[in-house]
>>> print(open('final39.cif').read())   # mmCIF, C-alpha atoms
data_upload
loop_
_atom_site.label_atom_id
_atom_site.label_comp_id
_atom_site.auth_asym_id
_atom_site.auth_seq_id
_atom_site.Cartn_x
_atom_site.Cartn_y
_atom_site.Cartn_z
CA MET A 1 21.01 -24.99 -17.90
CA ILE A 2 20.49 -23.61 -14.39
CA LEU A 3 16.93 -24.14 -13.16
CA PRO A 4 14.88 -22.84 -10.21
CA PRO A 5 15.18 -22.81 -7.24
CA ALA A 6 18.92 -22.19 -7.71
CA THR A 7 20.48 -19.09 -6.15
CA LEU A 8 21.78 -16.45 -8.55
CA GLY A 9 24.32 -13.78 -7.58
CA MET A 10 24.03 -10.08 -8.38
CA LEU A 11 26.96 -7.68 -8.05
CA GLY A 12 25.37 -4.31 -7.35
CA GLY A 13 22.26 -3.25 -5.50
CA GLY A 14 20.77 -0.38 -7.53
CA GLN A 15 17.47 -0.26 -9.38
CA LEU A 16 18.76 -2.39 -12.26
CA GLY A 17 19.71 -5.07 -9.75
CA ARG A 18 16.32 -4.68 -8.06
CA TYR A 19 14.46 -5.49 -11.28
CA PHE A 20 16.78 -8.46 -11.85
CA VAL A 21 15.84 -9.74 -8.39
CA ILE A 22 12.13 -9.34 -9.19
CA ALA A 23 12.47 -11.12 -12.54
CA ALA A 24 14.53 -13.96 -11.06
CA GLN A 25 12.17 -14.46 -8.14
CA GLN A 26 9.15 -14.53 -10.47
CA LEU A 27 10.85 -17.38 -12.32
CA GLY A 28 11.42 -19.21 -9.02
CA TYR A 29 15.08 -18.42 -8.36
CA LYS A 30 16.63 -17.07 -5.19
CA VAL A 31 19.02 -14.12 -5.42
CA MET A 32 22.06 -13.08 -3.39
CA VAL A 33 23.06 -9.43 -3.78
CA LEU A 34 26.50 -8.04 -2.97
CA ASP A 35 26.44 -4.30 -2.33
CA PRO A 36 28.18 -2.20 0.34
CA ASP A 37 25.02 -0.11 0.96
CA GLU A 38 22.78 -1.76 3.54
CA ASN A 39 19.84 0.23 2.12
CA SER A 40 20.42 -0.71 -1.52
CA PRO A 41 17.16 -1.16 -3.48
CA ALA A 42 18.10 -4.65 -4.70
CA GLY A 43 19.56 -5.79 -1.40
CA ARG A 44 16.39 -4.89 0.48
CA ILE A 45 14.27 -7.35 -1.54
CA ALA A 46 16.86 -10.05 -2.23
CA ASP A 47 16.80 -13.42 -0.48
CA HIS A 48 20.31 -12.69 0.80
CA HIS A 49 22.17 -9.37 0.99
CA LEU A 50 25.91 -9.33 1.58
CA VAL A 51 26.83 -5.87 2.82
CA ALA A 52 30.46 -5.74 1.74
CA ALA A 53 32.85 -4.19 -0.77
CA TYR A 54 33.07 -5.67 -4.27
CA ALA A 55 36.64 -6.80 -3.59
CA ASP A 56 35.91 -8.34 -0.18
CA SER A 57 37.46 -11.80 -0.40
CA GLU A 58 35.27 -13.35 2.31
CA ALA A 59 32.06 -12.11 0.67
CA LEU A 60 33.20 -13.26 -2.78
CA THR A 61 34.08 -16.70 -1.46
CA HIS A 62 30.63 -16.92 0.12
CA MET A 63 29.00 -16.02 -3.21
CA ALA A 64 31.12 -18.55 -5.09
CA VAL A 65 29.99 -21.30 -2.71
CA SER A 66 26.34 -20.25 -2.48
CA CYS A 67 25.43 -19.20 -6.03
CA SER A 68 25.01 -21.17 -9.24
CA ALA A 69 25.88 -18.21 -11.50
CA ILE A 70 26.65 -14.51 -11.09
CA THR A 71 26.02 -11.32 -13.06
CA THR A 72 26.27 -7.56 -12.51
CA GLU A 73 24.02 -4.54 -12.79
CA PHE A 74 26.63 -1.85 -13.44
CA GLU A 75 29.99 -1.56 -15.10
CA SER A 76 31.98 -0.09 -12.22
CA VAL A 77 32.37 -3.42 -10.44
CA PRO A 78 36.10 -4.29 -10.66
CA ALA A 79 36.72 -6.65 -13.58
CA GLU A 80 39.09 -8.52 -11.26
CA THR A 81 36.09 -9.43 -9.10
CA LEU A 82 34.36 -11.11 -12.04
CA ALA A 83 37.59 -12.85 -13.06
CA TYR A 84 38.02 -14.23 -9.53
CA LEU A 85 34.46 -15.53 -9.30
CA ALA A 86 34.68 -17.08 -12.79
CA ARG A 87 37.33 -19.45 -11.45
CA PHE A 88 34.57 -21.22 -9.52
CA ILE A 89 31.17 -20.64 -11.17
CA PRO A 90 29.69 -19.18 -14.39
CA VAL A 91 29.91 -15.37 -14.51
CA GLN A 92 28.23 -13.33 -17.26
CA PRO A 93 29.14 -10.99 -18.79
CA SER A 94 32.79 -11.99 -18.76
CA ALA A 95 35.48 -9.98 -17.00
CA GLU A 96 37.05 -9.32 -20.41
CA ALA A 97 33.85 -7.81 -21.84
CA LEU A 98 33.29 -5.74 -18.70
CA ALA A 99 36.86 -4.40 -18.79
CA ILE A 100 36.32 -3.08 -22.31
CA CYS A 101 32.97 -1.44 -21.51
CA GLN A 102 34.06 0.17 -18.25
CA GLU A 103 37.01 2.11 -19.70
CA ARG A 104 36.39 4.62 -22.51
CA SER A 105 39.80 4.26 -24.09
CA ALA A 106 39.48 0.46 -24.27
CA GLU A 107 35.94 0.83 -25.59
CA LYS A 108 36.97 3.24 -28.35
CA GLY A 109 39.87 1.00 -29.26
CA PHE A 110 37.49 -1.96 -29.50
CA LEU A 111 35.15 -0.04 -31.82
CA LYS A 112 38.08 1.03 -34.00
CA LYS A 113 39.55 -2.47 -34.17
CA HIS A 114 36.26 -3.99 -35.34
CA GLY A 115 35.45 -1.30 -37.89
CA LEU A 116 32.44 0.03 -35.99
CA PRO A 117 31.42 3.66 -36.60
CA HIS A 118 32.46 6.03 -33.80
CA ALA A 119 33.36 9.67 -33.22
CA PRO A 120 36.98 10.70 -33.93
CA TYR A 121 38.91 10.64 -30.65
CA ALA A 122 42.31 10.76 -28.97
CA ASP A 123 43.56 9.17 -25.76
CA ILE A 124 44.82 11.74 -23.26
CA ARG A 125 47.09 10.25 -20.62
CA SER A 126 49.28 13.29 -20.00
CA GLU A 127 49.47 16.96 -20.97
CA GLY A 128 52.11 15.94 -23.48
CA ASP A 129 49.48 13.97 -25.40
CA LEU A 130 47.69 17.23 -26.14
CA GLN A 131 50.57 18.37 -28.34
CA ASP A 132 49.72 15.72 -30.93
CA VAL A 133 45.95 16.26 -30.90
CA PRO A 134 44.79 17.48 -34.35
CA ASP A 135 42.79 20.69 -34.49
CA SER A 136 40.02 18.76 -36.25
CA LEU A 137 39.01 17.26 -32.87
CA PHE A 138 37.86 20.67 -31.67
CA PRO A 139 35.35 21.63 -30.49
CA GLY A 140 35.37 18.44 -28.49
CA ILE A 141 34.34 16.79 -25.23
CA LEU A 142 36.96 15.67 -22.73
CA LYS A 143 35.71 12.63 -20.81
CA VAL A 144 37.34 10.79 -17.93
CA ALA A 145 38.16 7.26 -19.00
CA ARG A 146 36.47 5.64 -15.99
CA PHE A 147 33.43 6.23 -13.78
CA GLY A 148 31.79 8.95 -15.86
CA TYR A 149 28.03 8.65 -16.33
CA ASP A 150 24.90 10.81 -16.68
CA GLY A 151 26.98 13.70 -17.98
CA LYS A 152 29.46 13.54 -15.08
CA GLY A 153 33.17 13.57 -15.78
CA GLN A 154 32.71 15.45 -19.07
CA ILE A 155 33.72 18.96 -20.10
CA ARG A 156 33.20 20.59 -23.48
CA VAL A 157 36.38 22.17 -24.81
CA LYS A 158 36.81 24.53 -27.73
CA ASP A 159 40.59 24.29 -28.20
CA LYS A 160 43.82 22.84 -26.78
CA ALA A 161 44.09 25.47 -24.07
CA ALA A 162 40.60 24.68 -22.80
CA CYS A 163 41.35 20.98 -23.05
CA ARG A 164 44.50 21.39 -20.97
CA ALA A 165 42.57 23.30 -18.31
CA ALA A 166 39.87 20.60 -18.25
CA PHE A 167 42.50 17.85 -17.97
CA ARG A 168 43.96 19.62 -14.96
CA GLN A 169 40.47 19.97 -13.50
CA PHE A 170 40.19 16.18 -13.75
CA ASN A 171 43.48 15.93 -11.79
CA HIS A 172 45.28 14.42 -14.79
CA GLU A 173 43.11 11.30 -14.76
CA PRO A 174 43.29 9.32 -18.02
CA CYS A 175 40.76 10.79 -20.45
CA VAL A 176 39.39 10.49 -23.96
CA LEU A 177 38.94 13.56 -26.13
CA GLU A 178 36.05 13.10 -28.56
CA LYS A 179 35.12 15.38 -31.39
CA GLN A 180 31.78 17.05 -30.66
CA MET A 181 29.38 15.69 -33.25
CA GLN A 182 26.45 17.59 -34.75
CA LEU A 183 23.70 15.27 -33.61
CA GLU A 184 20.33 14.89 -35.22
CA HIS A 185 19.13 12.75 -32.31
CA GLU A 186 20.15 9.86 -30.06
CA LEU A 187 18.99 6.25 -30.18
CA SER A 188 19.65 3.21 -28.04
CA LEU A 189 19.12 -0.49 -28.51
CA VAL A 190 19.04 -3.17 -25.83
CA LEU A 191 19.77 -6.76 -26.81
CA THR A 192 20.38 -10.05 -25.09
CA ARG A 193 22.77 -12.73 -26.31
CA SER A 194 22.90 -16.31 -25.07
CA ALA A 195 25.98 -18.48 -24.61
CA ALA A 196 24.92 -20.34 -27.76
CA GLY A 197 25.01 -17.09 -29.75
CA GLN A 198 21.24 -16.57 -29.97
CA THR A 199 20.49 -12.83 -30.03
CA LYS A 200 17.24 -10.94 -29.42
CA CYS A 201 17.05 -7.19 -30.06
CA PHE A 202 14.43 -5.02 -28.37
CA PRO A 203 12.84 -2.18 -30.38
CA VAL A 204 14.98 0.92 -30.83
CA ALA A 205 14.34 3.79 -28.40
CA GLU A 206 14.70 7.49 -29.19
CA ASN A 207 16.24 9.30 -26.21
CA HIS A 208 15.98 12.89 -24.98
CA HIS A 209 18.20 14.31 -22.24
CA GLN A 210 18.33 17.14 -19.73
CA GLN A 211 21.70 18.23 -18.37
CA GLY A 212 23.32 15.00 -19.53
CA ILE A 213 20.73 12.73 -17.85
CA LEU A 214 18.11 10.76 -19.76
CA ASP A 215 14.78 12.55 -19.44
CA HIS A 216 12.50 10.38 -21.59
CA SER A 217 12.58 7.62 -24.17
CA ILE A 218 10.15 7.07 -27.04
CA VAL A 219 9.39 3.63 -28.50
CA THR A 220 9.13 3.12 -31.30
CA ALA A 221 11.58 5.83 -32.22
CA GLU A 222 9.82 8.45 -34.34
CA ARG A 223 12.89 9.41 -36.33
CA ALA A 224 14.38 5.95 -36.84
CA SER A 225 13.42 4.57 -40.24
CA ASP A 226 13.11 0.82 -40.69
CA ALA A 227 16.49 0.86 -42.41
CA LEU A 228 18.13 2.77 -39.55
CA ALA A 229 16.57 0.45 -36.95
CA ALA A 230 17.81 -2.58 -38.89
CA GLU A 231 21.30 -1.05 -39.08
CA ALA A 232 21.26 -0.44 -35.30
CA SER A 233 20.33 -4.09 -34.70
CA ALA A 234 23.07 -5.31 -37.05
CA LEU A 235 25.72 -3.13 -35.40
CA ALA A 236 24.64 -4.13 -31.90
CA GLU A 237 24.70 -7.82 -32.82
CA LYS A 238 28.20 -7.42 -34.28
CA ILE A 239 29.35 -5.74 -31.07
CA ALA A 240 27.90 -8.50 -28.90
CA ALA A 241 29.43 -11.24 -31.06
CA SER A 242 32.83 -9.51 -31.14
CA LEU A 243 32.80 -9.25 -27.33
CA ASP A 244 31.62 -12.89 -27.10
CA TYR A 245 29.04 -11.29 -24.85
CA VAL A 246 26.50 -13.26 -22.82
CA GLY A 247 23.72 -11.32 -21.11
CA THR A 248 21.86 -8.08 -21.67
CA LEU A 249 23.78 -5.28 -23.38
CA SER A 250 22.85 -1.73 -24.35
CA VAL A 251 24.32 0.22 -27.25
CA GLU A 252 23.84 3.99 -27.45
CA PHE A 253 23.98 5.62 -30.88
CA PHE A 254 24.31 9.15 -32.22
CA VAL A 255 22.60 9.85 -35.53
CA VAL A 256 24.88 12.13 -37.57
CA ASP A 257 24.01 13.07 -41.16
CA GLY A 258 21.51 10.24 -41.24
CA ARG A 259 24.10 7.62 -40.23
CA LEU A 260 24.66 5.78 -36.97
CA CYS A 261 27.69 6.41 -34.78
CA VAL A 262 28.26 4.23 -31.70
CA ASN A 263 28.48 6.41 -28.59
CA GLU A 264 28.72 4.06 -25.62
CA LEU A 265 28.27 0.45 -24.55
CA ALA A 266 26.64 -0.57 -21.28
CA PRO A 267 27.23 -4.21 -20.24
CA ARG A 268 23.88 -4.51 -18.46
CA PRO A 269 20.21 -3.55 -18.77
CA HIS A 270 19.73 0.15 -19.44
CA ASN A 271 17.64 3.07 -18.25
CA SER A 272 16.30 3.56 -21.79
CA GLY A 273 15.12 -0.07 -21.74
CA HIS A 274 12.80 0.38 -18.76
CA TYR A 275 9.87 0.63 -21.16
CA THR A 276 10.28 -3.14 -21.72
CA LEU A 277 8.83 -3.76 -18.24
CA ASP A 278 5.41 -2.68 -19.46
CA ALA A 279 5.50 -2.71 -23.26
CA CYS A 280 7.21 -6.00 -24.20
CA LEU A 281 6.30 -9.66 -23.84
CA THR A 282 9.66 -10.27 -22.15
CA ASN A 283 11.50 -7.44 -20.40
CA GLN A 284 15.24 -6.76 -20.40
CA PHE A 285 15.71 -8.10 -16.87
CA GLU A 286 14.01 -11.43 -17.47
CA GLN A 287 16.21 -11.78 -20.55
CA GLN A 288 19.25 -11.16 -18.34
CA VAL A 289 18.12 -14.01 -16.08
CA ARG A 290 17.45 -16.28 -19.04
CA ALA A 291 20.86 -15.66 -20.62
CA LEU A 292 22.67 -16.16 -17.31
CA CYS A 293 20.90 -19.46 -16.67
CA GLY A 294 21.13 -20.86 -20.20
CA LEU A 295 17.37 -20.71 -20.75
CA PRO A 296 15.87 -20.00 -24.19
CA LEU A 297 15.52 -16.25 -24.70
CA GLY A 298 11.99 -14.86 -24.56
CA ASP A 299 9.96 -13.02 -27.19
CA VAL A 300 10.89 -9.32 -27.10
CA SER A 301 8.06 -8.03 -29.27
CA ALA A 302 6.46 -4.79 -28.13
CA HIS A 303 2.68 -5.06 -27.74
CA SER A 304 2.31 -1.28 -27.33
CA ALA A 305 3.91 2.01 -28.22
CA ALA A 306 5.49 3.55 -25.12
CA VAL A 307 6.96 6.69 -23.62
CA MET A 308 9.16 6.32 -20.52
CA VAL A 309 9.93 9.35 -18.31
CA ASN A 310 12.62 9.42 -15.61
CA LEU A 311 11.81 10.72 -12.13
CA LEU A 312 14.87 12.37 -10.59
CA GLY A 313 15.54 13.38 -7.00
CA ASP A 314 15.03 17.04 -7.92
CA LEU A 315 11.27 16.45 -7.65
CA TRP A 316 11.62 15.80 -3.92
CA PHE A 317 13.08 19.30 -3.48
CA ALA A 318 10.67 21.22 -5.73
CA GLY A 319 8.83 22.74 -2.76
CA ASN A 320 11.83 23.34 -0.51
CA PRO A 321 15.42 23.17 -1.81
CA GLU A 322 16.64 22.48 1.74
CA GLN A 323 14.35 19.61 2.67
CA ALA A 324 13.07 16.60 0.71
CA SER A 325 9.35 15.87 0.61
CA GLU A 326 7.37 13.25 -1.29
CA PRO A 327 6.11 14.41 -4.70
CA GLU A 328 2.36 14.51 -5.40
CA TRP A 329 2.03 11.04 -6.87
CA GLU A 330 -1.73 11.42 -7.17
CA LYS A 331 -1.07 13.73 -10.13
CA LEU A 332 0.54 10.84 -12.00
CA LEU A 333 -1.81 8.13 -10.78
CA ALA A 334 -4.74 10.14 -12.10
CA TYR A 335 -3.76 8.92 -15.59
CA PRO A 336 -5.16 5.38 -16.06
CA ASP A 337 -2.73 4.56 -18.90
CA LEU A 338 0.33 5.46 -16.80
CA LYS A 339 2.47 2.87 -14.99
CA LEU A 340 4.44 4.30 -12.04
CA HIS A 341 7.71 2.66 -10.88
CA LEU A 342 9.52 3.85 -7.72
CA TYR A 343 12.85 2.25 -6.84
CA GLY A 344 12.68 2.40 -3.04
CA LYS A 345 15.89 4.37 -2.64
CA HIS A 346 16.66 5.38 0.92
CA GLU A 347 17.42 9.03 0.15
CA ALA A 348 16.50 11.46 -2.62
CA ARG A 349 19.24 13.64 -4.11
CA PRO A 350 19.12 16.07 -7.05
CA GLY A 351 20.04 14.23 -10.25
CA ARG A 352 19.54 10.80 -8.67
CA LYS A 353 17.24 8.39 -10.51
CA MET A 354 14.44 7.65 -8.07
CA GLY A 355 11.88 6.10 -10.39
CA HIS A 356 10.17 6.36 -13.76
CA PHE A 357 6.78 6.11 -15.35
CA THR A 358 5.68 4.62 -18.64
CA VAL A 359 2.61 5.42 -20.72
CA LEU A 360 1.35 2.88 -23.25
CA GLY A 361 -0.90 3.15 -26.30
CA GLU A 362 -1.72 1.56 -29.62
CA THR A 363 0.05 4.36 -31.50
CA LEU A 364 2.67 6.79 -30.25
CA GLU A 365 0.56 9.95 -30.46
CA GLN A 366 -1.63 9.31 -27.41
CA PRO A 367 1.03 8.02 -24.94
CA TYR A 368 3.36 10.86 -25.92
CA ARG A 369 0.66 13.46 -25.27
CA ILE A 370 -0.24 11.88 -21.91
CA ALA A 371 3.39 11.45 -20.87
CA MET A 372 4.24 15.08 -21.56
CA ALA A 373 1.12 16.25 -19.69
CA ALA A 374 1.92 14.00 -16.72
CA ARG A 375 5.53 15.12 -16.79
CA ALA A 376 4.45 18.76 -16.55
CA ALA A 377 1.83 18.01 -13.88
CA ILE A 378 4.43 16.51 -11.54
CA GLY A 379 6.68 19.56 -12.06
CA ILE A 380 9.36 18.42 -14.54
CA SER A 381 10.70 21.28 -16.65
CA ALA A 382 9.89 21.22 -20.36
CA ARG A 383 13.44 22.15 -21.33
CA ARG A 384 15.43 19.43 -23.08
CA GLU A 385 18.88 19.05 -24.63
#
>>> encode(input="final39.cif", output="structure tokens")
Amino acid sequence: MILPPATLGMLGGGQLGRYFVIAAQQLGYKVMVLDPDENSPAGRIADHHLVAAYADSEALTHMAVSCSAITTEFESVPAETLAYLARFIPVQPSAEALAICQERSAEKGFLKKHGLPHAPYADIRSEGDLQDVPDSLFPGILKVARFGYDGKGQIRVKDKAACRAAFRQFNHEPCVLEKQMQLEHELSLVLTRSAAGQTKCFPVAENHHQQGILDHSIVTAERASDALAAEASALAEKIAASLDYVGTLSVEFFVVDGRLCVNELAPRPHNSGHYTLDACLTNQFEQQVRALCGLPLGDVSAHSAAVMVNLLGDLWFAGNPEQASEPEWEKLLAYPDLKLHLYGKHEARPGRKMGHFTVLGETLEQPYRIAMAARAAIGISARRE
């Protein structure tokens, strides 16, 4: 068990790392952040910020000497970095788990190996691989195997010719071709697993997207029956156990013909879990700290229904597409049941997650109505995917 005032290490300085820093500091820990951006949201509030690349040997050695344990806030950190640090101090999640979650082909292979429901797919490493792709995979979605997120690195393809053109557009990077599923809706579940195998699942969230980016999440999910929510928890727990995972993990699901299909794994806290900051007794970031330090996991019960809405950089350009200006926050703060969170990012860009707000209530009806009204008041389009 690692107790305060020990120093914890965080690989990555984005908003997920920022909330980890806040949670750790509230518990009495110090935090050292490694991120190459000197203006990173987590680095700016950490006790120590190492401005260096994730493979910088001098910075990693300094972390290994200075920290009692290390974790990460996003899956694009090289798995080799975690493996190196694990030679000296505890690192969670493991490099092996991260390597599976950061590469789509490895992730799909993991799901297949463990009998977990997933969309039909094919690995595409060369144009020659397209010759063996069955027609049943079309229409499909070609996705780059690494570094694709928020709808980036994905192209919908109707046939082999379109798939070949998309593969060339991706400069022949390794890809996964997934059959395009007829979705009823999307769900996600965040859980935390301790080194002793104790698992706590947060309530299931129902997610709605715009242009491939999460727009808002609803908790508890309106269209997830008790049976479906229980199945999501069981599948997520099986995934975590099969990965021998320690830390906070998110599992995204498609609902197809009333059944769950695993879409993606995220080896970290998740955007759709931000509601836990305001609606749960213990949030996803405190759980990440607890799992890393070997503390008992907290109670994850939700004390309120909640609707979380993302605030993207597009809002900063609503008045002038050429110049960013601060949105009219007074329109959101006029709602007494609304909790506003801004991430302190140095620069707004279209599509960039700059903050979110959450509305709470005893039942879902009132927070949903308020959230949609607040969303419209600040200038977010009503269109959804």
>>> closest_residue(input="final39.cif", among="A:Val219, A:Ile45, A:Leu177, A:Val33", to="Pro120 (chain A)", atoms="all atoms listed in the file")
A:Leu177
>>> residues_around(input="final39.cif", residues="region 67-70 of chain A", least_positions_apart="5", cutoff="8 Å", atoms="all atoms listed in the file", output="ChimeraX atom specification")
/A:2,6-11,32,89-92,292-293
>>> closest_atom_pairs(input="final39.cif", of="region 7-75 of chain A", to="region 326-350 of chain A", cutoff="7 Å", atoms="all atoms listed in the file", output="Markdown table")
| residue | atom | partner | partner_atom | distance |
| --- | --- | --- | --- | --- |
| A:Gln15 | CA | A:Tyr343 | CA | 5.8 |
| A:Asn39 | CA | A:His346 | CA | 6.2 |
| A:Ser40 | CA | A:Lys345 | CA | 6.9 |
| A:Pro41 | CA | A:Lys345 | CA | 5.7 |
>>> atom_distance(input="final39.cif", atom1="CA of Ala371 (chain A)", atom2="CA of Gln26 (chain A)")
28.6 Å
>>> closest_residue(input="final39.cif", among="A:Ser126, A:Gln131, A:Gln210, A:Asn271", to="Leu16 (chain A)", atoms="all atoms listed in the file")
A:Asn271
>>> residues_around(input="final39.cif", residues="Ala106 (chain A)", least_positions_apart="2", cutoff="12 Å", atoms="only C-alpha atoms", output="PDB file with C-alpha atoms, keeping the file's coordinate frame")
ATOM      1  CA  GLU A  96      37.050  -9.320 -20.410  1.00  0.00           C
ATOM      2  CA  ALA A  97      33.850  -7.810 -21.840  1.00  0.00           C
ATOM      3  CA  LEU A  98      33.290  -5.740 -18.700  1.00  0.00           C
ATOM      4  CA  ALA A  99      36.860  -4.400 -18.790  1.00  0.00           C
ATOM      5  CA  ILE A 100      36.320  -3.080 -22.310  1.00  0.00           C
ATOM      6  CA  CYS A 101      32.970  -1.440 -21.510  1.00  0.00           C
ATOM      7  CA  GLN A 102      34.060   0.170 -18.250  1.00  0.00           C
ATOM      8  CA  GLU A 103      37.010   2.110 -19.700  1.00  0.00           C
ATOM      9  CA  ARG A 104      36.390   4.620 -22.510  1.00  0.00           C
ATOM     10  CA  LYS A 108      36.970   3.240 -28.350  1.00  0.00           C
ATOM     11  CA  GLY A 109      39.870   1.000 -29.260  1.00  0.00           C
ATOM     12  CA  PHE A 110      37.490  -1.960 -29.500  1.00  0.00           C
ATOM     13  CA  LEU A 111      35.150  -0.040 -31.820  1.00  0.00           C
ATOM     14  CA  LYS A 112      38.080   1.030 -34.000  1.00  0.00           C
ATOM     15  CA  LYS A 113      39.550  -2.470 -34.170  1.00  0.00           C
ATOM     16  CA  ALA A 122      42.310  10.760 -28.970  1.00  0.00           C
ATOM     17  CA  ASP A 123      43.560   9.170 -25.760  1.00  0.00           C
ATOM     18  CA  ALA A 145      38.160   7.260 -19.000  1.00  0.00           C
ATOM     19  CA  ARG A 146      36.470   5.640 -15.990  1.00  0.00           C
ATOM     20  CA  PRO A 174      43.290   9.320 -18.020  1.00  0.00           C
ATOM     21  CA  CYS A 175      40.760  10.790 -20.450  1.00  0.00           C
ATOM     22  CA  VAL A 176      39.390  10.490 -23.960  1.00  0.00           C
ATOM     23  CA  GLU A 264      28.720   4.060 -25.620  1.00  0.00           C
ATOM     24  CA  LEU A 265      28.270   0.450 -24.550  1.00  0.00           C
TER      25      LEU A 265
END
>>> resolve_selection(input="final39.cif", expression="the PyMOL selection byres ((chain A and resi 178) around 9)", output="list in words")
Ala119, Pro120, Tyr121, Ala122, Asp123, Leu137, Phe138, Pro139, Gly140, Ile141, Leu142, Lys143, Val176, Leu177, Lys179, Gln180 and Met181 of chain A
>>> residues_around(input="final39.cif", residues="Asn283 (chain A)", least_positions_apart="2", cutoff="10 Å", atoms="only C-alpha atoms", output="list in words")
Tyr19, Ala23, Phe202, Pro269, Gly273, His274, Tyr275, Thr276, Leu277, Asp278, Ala279, Cys280, Leu281, Phe285, Glu286, Gln287, Gln288, Gly298, Asp299, Val300, Ser301 and Ala302 of chain A
>>> write_last_selection(input="final39.cif", atoms="C-alpha atoms", output="PDB file, in the coordinates of the input")
ATOM      1  CA  TYR A  19      14.460  -5.490 -11.280  1.00  0.00           C
ATOM      2  CA  ALA A  23      12.470 -11.120 -12.540  1.00  0.00           C
ATOM      3  CA  PHE A 202      14.430  -5.020 -28.370  1.00  0.00           C
ATOM      4  CA  PRO A 269      20.210  -3.550 -18.770  1.00  0.00           C
ATOM      5  CA  GLY A 273      15.120  -0.070 -21.740  1.00  0.00           C
ATOM      6  CA  HIS A 274      12.800   0.380 -18.760  1.00  0.00           C
ATOM      7  CA  TYR A 275       9.870   0.630 -21.160  1.00  0.00           C
ATOM      8  CA  THR A 276      10.280  -3.140 -21.720  1.00  0.00           C
ATOM      9  CA  LEU A 277       8.830  -3.760 -18.240  1.00  0.00           C
ATOM     10  CA  ASP A 278       5.410  -2.680 -19.460  1.00  0.00           C
ATOM     11  CA  ALA A 279       5.500  -2.710 -23.260  1.00  0.00           C
ATOM     12  CA  CYS A 280       7.210  -6.000 -24.200  1.00  0.00           C
ATOM     13  CA  LEU A 281       6.300  -9.660 -23.840  1.00  0.00           C
ATOM     14  CA  PHE A 285      15.710  -8.100 -16.870  1.00  0.00           C
ATOM     15  CA  GLU A 286      14.010 -11.430 -17.470  1.00  0.00           C
ATOM     16  CA  GLN A 287      16.210 -11.780 -20.550  1.00  0.00           C
ATOM     17  CA  GLN A 288      19.250 -11.160 -18.340  1.00  0.00           C
ATOM     18  CA  GLY A 298      11.990 -14.860 -24.560  1.00  0.00           C
ATOM     19  CA  ASP A 299       9.960 -13.020 -27.190  1.00  0.00           C
ATOM     20  CA  VAL A 300      10.890  -9.320 -27.100  1.00  0.00           C
ATOM     21  CA  SER A 301       8.060  -8.030 -29.270  1.00  0.00           C
ATOM     22  CA  ALA A 302       6.460  -4.790 -28.130  1.00  0.00           C
TER      23      ALA A 302
END
>>> atom_distance(input="final39.cif", atom1="CA of Pro78 (chain A)", atom2="CA of Ala55 (chain A)")
7.5 Å
>>> closest_residue(input="final39.cif", among="A:Glu173, A:Ile124, A:Phe88, A:Gln182", to="Val65 (chain A)", atoms="all atoms listed in the file")
A:Phe88
>>> atom_distance(input="final39.cif", atom1="CA of Tyr54 (chain A)", atom2="CA of Phe167 (chain A)")
28.8 Å
>>> resolve_selection(input="final39.cif", expression="the PyMOL selection byres ((chain A and resi 353) around 8)", output="ChimeraX atom specification")
/A:310-313,351-352,354-355
>>> closest_residue(input="final39.cif", among="A:Gly258, A:Ala205, A:Arg18, A:His216", to="Val359 (chain A)", atoms="all atoms listed in the file")
A:His216
>>> resolve_selection(input="final39.cif", expression="the PyMOL selection byres ((chain A and resi 257) around 8)", output="PyMOL selection string")
chain A and resi 183-184+255-256+258-259
>>> closest_residue(input="final39.cif", among="A:Ala83, A:Gly361, A:Ala318, A:His62", to="Ile378 (chain A)", atoms="only C-alpha atoms")
A:Ala318
>>> closest_residue(input="final39.cif", among="A:Ala291, A:Ala224, A:Leu214, A:Ile370", to="His356 (chain A)", atoms="all atoms listed in the file")
A:Leu214
>>> residues_near_point(input="final39.cif", point="(15.6, -21.4, -17.7)", cutoff="8 Å", atoms="only C-alpha atoms", output="VMD selection string")
chain A and resid 1 to 4 289 to 290 293 to 296
>>> residues_around(input="final39.cif", residues="Tyr368 (chain A)", least_positions_apart="3", cutoff="8 Å", atoms="only C-alpha atoms", output="count of residues only")
8
>>> axis_aligned_box(input="final39.cif", around="region 176-182 of chain A", padding_each_side="8 Å", output="JSON")
{"center_x": 32.9, "center_y": 14.0, "center_z": -29.4, "size_x": 28.9, "size_y": 23.1, "size_z": 26.8}
>>> residues_around(input="final39.cif", residues="Leu260 (chain A)", least_positions_apart="2", cutoff="12 Å", atoms="only C-alpha atoms", output="count of residues only")
34
>>> decode(input="final39.cif", residues="region 255-270 of chain A", atoms="C-alpha atoms", output="CSV table (one decimal), in the first residue's frame")
chain,number,residue,atom,x,y,z
A,255,VAL,CA,-26.2,-2.4,-28.9
A,256,VAL,CA,-27.1,-4.4,-32.0
A,257,ASP,CA,-30.5,-6.3,-32.1
A,258,GLY,CA,-30.8,-5.9,-28.4
A,259,ARG,CA,-27.4,-7.5,-27.7
A,260,LEU,CA,-24.1,-6.0,-26.6
A,261,CYS,CA,-21.1,-5.9,-28.9
A,262,VAL,CA,-17.7,-4.6,-27.6
A,263,ASN,CA,-16.5,-1.7,-29.7
A,264,GLU,CA,-13.3,-0.4,-28.0
A,265,LEU,CA,-11.3,-0.5,-24.8
A,266,ALA,CA,-9.7,2.5,-23.2
A,267,PRO,CA,-7.0,1.7,-20.6
A,268,ARG,CA,-7.8,4.9,-18.6
A,269,PRO,CA,-10.6,7.0,-17.3
A,270,HIS,CA,-13.0,8.1,-20.1
